[in-house]
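Chemist: This is coords.txt (compact mmCIF, C-alpha atoms).
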```txt
# COMPACT_ATOMS: atom_id res chain seq x y z
CA MET A 49 -165.90 6.12 49.95
CA LEU A 50 -166.92 8.23 52.93
CA VAL A 51 -167.00 11.93 52.03
CA LEU A 52 -167.02 14.51 54.84
CA SER A 53 -167.32 18.30 54.65
CA ARG A 54 -164.90 20.04 56.97
CA LYS A 55 -163.79 23.60 57.68
CA ALA A 56 -160.32 24.87 58.53
CA GLY A 57 -159.46 23.92 62.08
CA GLU A 58 -161.79 20.92 62.13
CA THR A 59 -160.50 17.39 62.47
CA ILE A 60 -161.27 13.81 61.52
CA TRP A 61 -160.19 10.75 63.44
CA ILE A 62 -159.45 7.47 61.68
CA GLY A 63 -159.54 4.66 64.21
CA GLU A 64 -157.93 5.33 67.58
CA ASP A 65 -154.58 6.44 66.26
CA VAL A 66 -154.85 8.74 63.29
CA GLU A 67 -156.02 12.34 63.39
CA ILE A 68 -156.42 14.47 60.27
CA VAL A 69 -156.45 18.23 60.83
CA ILE A 70 -157.67 20.61 58.13
CA SER A 71 -155.24 23.40 58.85
CA GLU A 72 -155.91 25.80 55.98
CA VAL A 73 -158.16 26.10 52.94
CA LYS A 74 -157.03 28.54 50.27
CA GLY A 75 -158.75 28.45 46.88
CA GLU A 76 -158.07 25.02 45.38
CA GLN A 77 -155.48 24.08 47.95
CA VAL A 78 -156.09 22.43 51.28
CA LYS A 79 -153.40 22.10 53.93
CA ILE A 80 -153.81 18.95 55.93
CA GLY A 81 -152.02 17.95 59.10
CA ILE A 82 -151.75 14.26 59.88
CA ARG A 83 -151.06 12.92 63.35
CA ALA A 84 -150.34 9.22 63.06
CA PRO A 85 -148.18 6.66 64.86
CA ARG A 86 -144.70 6.37 63.38
CA SER A 87 -145.51 2.81 62.39
CA ILE A 88 -147.85 4.14 59.68
CA ASP A 89 -146.55 5.37 56.31
CA VAL A 90 -147.87 8.70 55.12
CA ILE A 91 -147.18 8.96 51.37
CA ARG A 92 -148.46 11.46 48.80
CA GLY A 93 -150.86 9.73 46.41
CA GLU A 94 -149.10 10.80 43.20
CA LEU A 95 -145.78 9.46 44.50
CA ARG A 96 -147.30 6.09 45.29
CA GLU A 97 -148.90 6.14 41.83
CA ASP A 98 -145.49 6.85 40.21
CA VAL A 99 -143.91 3.93 42.07
CA SER A 100 -146.82 1.71 41.09
CA ASN A 101 -146.39 2.67 37.41
CA SER A 102 -142.64 2.13 37.60
CA ASN A 103 -143.18 -1.33 39.11
CA THR A 104 -145.61 -2.19 36.31
CA GLU A 105 -143.04 -1.09 33.70
CA ALA A 106 -140.36 -3.14 35.43
CA VAL A 107 -142.13 -6.51 35.18
CA LEU A 108 -139.56 -8.79 33.60
CA LYS A 109 -140.37 -9.53 29.96
CA ASN A 110 -137.21 -11.30 28.91
CA LEU A 111 -133.78 -12.09 30.19
CA ASP A 112 -132.10 -11.93 26.76
CA ILE A 113 -130.27 -8.77 27.74
CA PHE A 114 -127.99 -10.88 29.93
CA LYS A 115 -127.17 -13.24 27.10
CA GLN A 116 -125.81 -10.58 24.72
CA LYS A 117 -122.20 -11.16 25.59
CA MET B 266 -140.20 -26.41 47.23
CA LYS B 267 -140.92 -26.44 43.50
CA LEU B 268 -141.65 -23.10 41.88
CA LYS B 269 -142.88 -22.24 38.39
CA THR B 270 -140.97 -19.22 37.18
CA ALA B 271 -141.34 -16.82 34.27
CA TYR B 272 -137.88 -17.38 32.80
CA LEU B 273 -136.22 -20.30 34.47
CA GLY B 274 -139.02 -22.83 34.02
CA GLU B 275 -139.89 -24.99 36.99
CA ILE B 276 -137.14 -24.91 39.55
CA GLU B 277 -136.47 -26.11 43.06
CA VAL B 278 -136.08 -23.26 45.52
CA ALA B 279 -135.09 -23.27 49.16
CA GLU B 280 -137.66 -21.99 51.65
CA SER B 281 -134.97 -19.59 52.83
CA SER B 282 -135.07 -17.75 49.49
CA ILE B 283 -138.74 -16.80 49.95
CA VAL B 284 -139.35 -13.27 51.18
CA ASN B 285 -142.63 -11.95 52.54
CA PHE B 286 -144.07 -8.58 51.49
CA GLU B 287 -146.92 -8.32 53.98
CA HIS B 288 -148.74 -5.68 51.92
CA GLY B 289 -147.39 -6.61 48.49
CA ILE B 290 -145.73 -3.82 46.53
CA PRO B 291 -147.40 -0.78 44.92
CA GLY B 292 -149.25 -1.97 41.82
CA PHE B 293 -149.10 -5.58 43.02
CA GLU B 294 -150.70 -5.40 46.43
CA GLN B 295 -151.95 -8.99 46.32
CA GLU B 296 -148.47 -10.45 45.76
CA LYS B 297 -147.18 -11.27 49.23
CA PHE B 298 -144.43 -13.83 48.56
CA PHE B 299 -141.48 -13.70 46.20
CA ALA B 300 -138.45 -15.92 45.73
CA LEU B 301 -135.08 -14.19 45.54
CA LEU B 302 -133.20 -16.02 42.80
CA PRO B 303 -129.81 -15.66 41.12
CA VAL B 304 -129.43 -14.71 37.44
CA GLU B 305 -127.33 -17.26 35.58
CA ASP B 306 -123.75 -16.09 34.94
CA ASN B 307 -124.44 -12.74 36.51
CA GLU B 308 -123.64 -11.74 40.05
CA VAL B 309 -124.87 -8.17 39.87
CA PHE B 310 -128.56 -8.87 39.35
CA ASN B 311 -131.15 -11.08 41.02
CA VAL B 312 -134.64 -12.12 40.02
CA LEU B 313 -137.55 -11.49 42.37
CA GLN B 314 -140.10 -14.09 41.29
CA SER B 315 -143.67 -14.14 42.60
CA THR B 316 -144.51 -17.50 44.12
CA HIS B 317 -148.17 -16.96 43.28
CA THR B 318 -148.03 -15.63 39.71
CA GLU B 319 -145.71 -17.46 37.34
CA SER B 320 -145.47 -14.55 34.88
CA LEU B 321 -144.60 -11.97 37.54
CA ALA B 322 -140.90 -11.37 38.09
CA PHE B 323 -138.63 -8.38 38.56
CA ILE B 324 -134.92 -7.82 38.14
CA ILE B 325 -133.36 -6.32 41.23
CA THR B 326 -129.87 -5.24 42.14
CA ASN B 327 -127.83 -3.72 44.91
CA PRO B 328 -128.33 0.06 44.50
CA TYR B 329 -124.98 0.80 46.14
CA THR B 330 -123.15 -0.72 43.16
CA ILE B 331 -125.07 1.57 40.77
CA SER B 332 -124.83 4.79 42.72
CA ASN B 333 -121.74 5.31 44.84
CA ASN B 334 -123.27 7.85 47.16
CA TYR B 335 -126.64 6.21 47.66
CA THR B 336 -127.94 6.72 51.16
CA PHE B 337 -131.30 7.01 52.85
CA GLU B 338 -132.56 6.86 56.36
CA LEU B 339 -134.70 3.93 57.40
CA ASP B 340 -137.92 5.35 58.76
CA GLU B 341 -139.46 4.05 61.93
CA ALA B 342 -142.47 2.61 60.09
CA THR B 343 -140.15 0.28 58.15
CA VAL B 344 -138.06 -0.67 61.19
CA HIS B 345 -141.31 -1.45 63.02
CA THR B 346 -143.01 -3.35 60.18
CA LEU B 347 -139.97 -5.46 59.34
CA GLN B 348 -139.08 -5.95 63.02
CA ILE B 349 -135.52 -4.83 62.43
CA ASN B 350 -133.31 -5.09 65.48
CA GLU B 351 -129.89 -4.36 64.10
CA GLU B 352 -128.41 -2.78 61.00
CA LYS B 353 -126.50 -5.87 59.88
CA GLU B 354 -129.67 -7.86 59.25
CA VAL B 355 -130.86 -5.32 56.67
CA ALA B 356 -130.39 -5.87 52.92
CA VAL B 357 -131.36 -3.27 50.34
CA PHE B 358 -132.30 -3.87 46.70
CA ALA B 359 -133.68 -1.70 43.92
CA ILE B 360 -135.99 -2.69 41.07
CA VAL B 361 -134.54 -2.46 37.56
CA SER B 362 -136.61 -1.62 34.45
CA LEU B 363 -134.81 -3.45 31.67
CA LYS B 364 -134.66 -1.67 28.30
CA GLU B 365 -132.72 -2.70 25.16
CA THR B 366 -129.38 -2.56 26.92
CA ILE B 367 -128.35 -2.51 30.54
CA ALA B 368 -126.81 0.95 30.11
CA THR B 369 -130.15 2.39 28.97
CA SER B 370 -132.11 0.54 31.64
CA THR B 371 -133.28 2.37 34.71
CA ILE B 372 -133.26 1.62 38.40
CA ASN B 373 -135.76 2.80 40.99
CA LEU B 374 -133.70 4.48 43.71
CA LYS B 375 -136.75 6.30 45.09
CA ALA B 376 -138.45 3.12 46.24
CA PRO B 377 -135.84 0.63 47.48
CA ILE B 378 -136.78 -2.83 48.67
CA VAL B 379 -135.70 -3.30 52.26
CA LEU B 380 -135.32 -6.87 53.49
CA ASN B 381 -134.84 -8.14 57.00
CA THR B 382 -132.56 -11.09 56.24
CA THR B 383 -133.30 -12.65 59.63
CA ASN B 384 -137.08 -13.01 59.36
CA LYS B 385 -137.37 -12.54 55.54
CA LYS B 386 -139.87 -9.71 55.90
CA ALA B 387 -139.57 -7.20 53.08
CA LYS B 388 -141.12 -3.93 52.03
CA GLN B 389 -140.79 -1.51 49.14
CA VAL B 390 -140.09 1.74 50.95
CA ILE B 391 -141.10 5.01 49.26
CA LEU B 392 -138.61 7.70 50.20
CA ASN B 393 -140.07 11.10 50.94
CA ASN B 394 -137.22 13.16 49.55
CA GLU B 395 -136.24 14.73 46.25
CA GLU B 396 -132.73 13.25 46.13
CA HIS B 397 -133.46 9.95 44.45
CA ASP B 398 -135.06 9.17 41.08
CA ILE B 399 -137.70 6.58 40.31
CA ARG B 400 -136.03 6.13 36.91
CA HIS B 401 -132.30 6.52 37.47
CA LEU B 402 -130.32 5.64 34.36
CA ILE B 403 -127.85 2.79 34.79
CA SER B 404 -124.65 3.81 33.04
CA THR B 405 -122.26 1.18 31.73
CA GLU B 406 -119.54 2.71 33.83
CA SER B 407 -121.35 2.19 37.10
CA ILE B 408 -121.88 -1.48 36.30
CA LYS B 409 -118.17 -1.98 35.68
CA GLY B 410 -117.23 0.02 38.77
```
Could you rewrite the structure in this file as structure tokens?

Modeler:
Amino acid sequence: MLVLSRKAGETIWIGEDVEIVISEVKGEQVKIGIRAPRSIDVIRGELREDVSNSNTEAVLKNLDIFKQK
Amino acid sequence: MKLKTAYLGEIEVAESSIVNFEHGIPGFEQEKFFALLPVEDNEVFNVLQSTHTESLAFIITNPYTISNNYTFELDEATVHTLQINEEKEVAVFAIVSLKETIATSTINLKAPIVLNTTNKKAKQVILNNEEHDIRHLISTESIKG
């Protein structure tokens, strides 16, 4: 993983299309602005992690539930 | 084509039932192709069976039958990725986590599966709002309704 040190107001470009702006640093919290084409999803990591966990839980283990009639 | 499935054994499936998740789904990023199959004697649910991994299958359903006021806006990234041209070619499903009974099972309304029925491109969309739950309880009533 590439690790960069940045200050508030500084930016990082990813490829030609995506710009990350460090807009504010306050204690443990960093405010980040993201300029990206609308064709790119911007999703918070913990939300993606939740969905990933939910998908793992949802893997079909048996279909018996449909036979209890 | 012949397909080995987790719960239906080896079955014959039509090419038209295969949907393509270009980037897989969260947690299963390597799984790009799934077959959309019926559940025997049940019209409410479908099975989404990986064509690559025999043991990988999900139960999915139409979220609009579970939650009467389910709505979300299709973001441009999804419209672009799935090459959606018109609303009528869009189908929406949600993944079900089966528990002991259907009433105690949950459905993921936060991350619906959006399918372009024309080109069979699909994507699990993660909604960026607080309205919908990842683990929404399926009540018996909503199934009947």

Chemist: Residues of chain B within 8 Å of chain A, counting all atoms listed in the file, what are they? List them as JSON, numbers by chain.

Modeler: {"B": [272, 290, 291, 292, 293, 307, 321, 322, 323, 324, 341, 342, 343, 345, 346, 360, 361, 362, 363, 365, 366, 367, 373, 376, 391, 393, 399, 400]}

Chemist: Need the shell around Gly81 in chain A: protein/DNA/RNA residues with any atom at most 9 Å away, counting only C-alpha atoms. Skip same-chain ones fewer than 3 positions apart. Format as a list in words?

Modeler: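 Residues meeting the cut-off are Glu67, Ile68, Val69, Ile70 and Ser71 of chain A.
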
Chemist: Based on the selection just made, write C-alpha atoms of those residues as a PDB file, in the coordinates of the input.

Modeler:
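Final output, result-v2.pdb:
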```
ATOM      1  CA  GLU A  67    -156.020  12.340  63.390  1.00  0.00           C
ATOM      2  CA  ILE A  68    -156.420  14.470  60.270  1.00  0.00           C
ATOM      3  CA  VAL A  69    -156.450  18.230  60.830  1.00  0.00           C
ATOM      4  CA  ILE A  70    -157.670  20.610  58.130  1.00  0.00           C
ATOM      5  CA  SER A  71    -155.240  23.400  58.850  1.00  0.00           C
TER       6      SER A  71
END
```

Chemist: For Gly274 in chain B, which of B:Glu287, B:Glu319, B:Thr330, B:Lys385 is the closest residue, counting all atoms listed in the file?

Modeler: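 Answer, going by the shortest atom-to-atom distance: B:Glu319.
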
Chemist: Would you work out the distance separating CA of Asn350 in chain B from CA of Ala279 in chain B, expressed in Å to one decimal?

Modeler: 24.5 Å

Chemist: What separation in Å, quoted to one decimal, exists between CA of Lys375 in chain B and CA of Leu302 in chain B?

Modeler: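 Those two atoms sit 22.7 Å apart.
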
Chemist: How would you write as a list in words the residues that get within 8 Å of (-144.3, -25.1, 43.8) in the file's frame, counting only C-alpha atoms?

Modeler: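 Those residues lying close to the given coordinates are Met266, Lys267, Leu268, Lys269, Glu277 and Thr316 of chain B.
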
Chemist: Can you tell me, as a VMD selection string, what residues are no more than 10 Å from Ser282 in chain B when counting only C-alpha atoms, ignoring any on the same chain fewer than 6 positions away?

Modeler: chain B and resid 299 to 302 313 382 385

Chemist: Would you pick out the contacts of Gln348 in chain B at 9 Å or less, using only C-alpha atoms, so that residues sharing its chain but fewer than 4 positions from it are not included, and give the list as a PyMOL selection string?

Modeler: chain B and resi 343-344+381+384+386

Chemist: Work out how far apart CA of Thr383 in chain B and CA of Thr336 in chain B are and give it in Å to one decimal.

Modeler: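 Value for the CA of Thr383 in chain B-CA of Thr336 in chain B distance: 21.8 Å.
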
Chemist: Which residue is closest to Leu402 in chain B? Choose from B:Lys353, B:Lys297, B:Lys364, B:His317 and count all atoms listed in the file.

Modeler: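 Closest to Leu402 in chain B of all the choices is B:Lys364.
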
Chemist: Name the residues in contact with Lys79 in chain A at a cut-off of 12 Å, using all atoms listed in the file, excluding same-chain residues fewer than 3 positions from it; report them as an mmCIF file with C-alpha atoms, in the coordinates of the input.

Modeler:
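See selection-v2.cif below for the written result:
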```
data_model
loop_
_atom_site.group_PDB
_atom_site.id
_atom_site.type_symbol
_atom_site.label_atom_id
_atom_site.label_comp_id
_atom_site.auth_asym_id
_atom_site.auth_seq_id
_atom_site.Cartn_x
_atom_site.Cartn_y
_atom_site.Cartn_z
ATOM 1 C CA LYS A 55 -163.790 23.600 57.680
ATOM 2 C CA ALA A 56 -160.320 24.870 58.530
ATOM 3 C CA GLY A 57 -159.460 23.920 62.080
ATOM 4 C CA GLU A 58 -161.790 20.920 62.130
ATOM 5 C CA ILE A 68 -156.420 14.470 60.270
ATOM 6 C CA VAL A 69 -156.450 18.230 60.830
ATOM 7 C CA ILE A 70 -157.670 20.610 58.130
ATOM 8 C CA SER A 71 -155.240 23.400 58.850
ATOM 9 C CA GLU A 72 -155.910 25.800 55.980
ATOM 10 C CA VAL A 73 -158.160 26.100 52.940
ATOM 11 C CA LYS A 74 -157.030 28.540 50.270
ATOM 12 C CA GLY A 75 -158.750 28.450 46.880
ATOM 13 C CA GLU A 76 -158.070 25.020 45.380
ATOM 14 C CA ILE A 82 -151.750 14.260 59.880
#
```

Chemist: Calculated over all atoms listed in the file, which of the candidates B:Ser404, B:Ser320, B:Asn327, B:Thr270 has the smallest distance to Glu308 in chain B?

Modeler: B:Asn327

Chemist: I need the residue nearest Ile349 in chain B from this list: B:Pro303, B:Asn311, B:His401, B:Val379. Use only C-alpha atoms for the distance.

Modeler: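 Smallest separation from Ile349 in chain B among the options: B:Val379.
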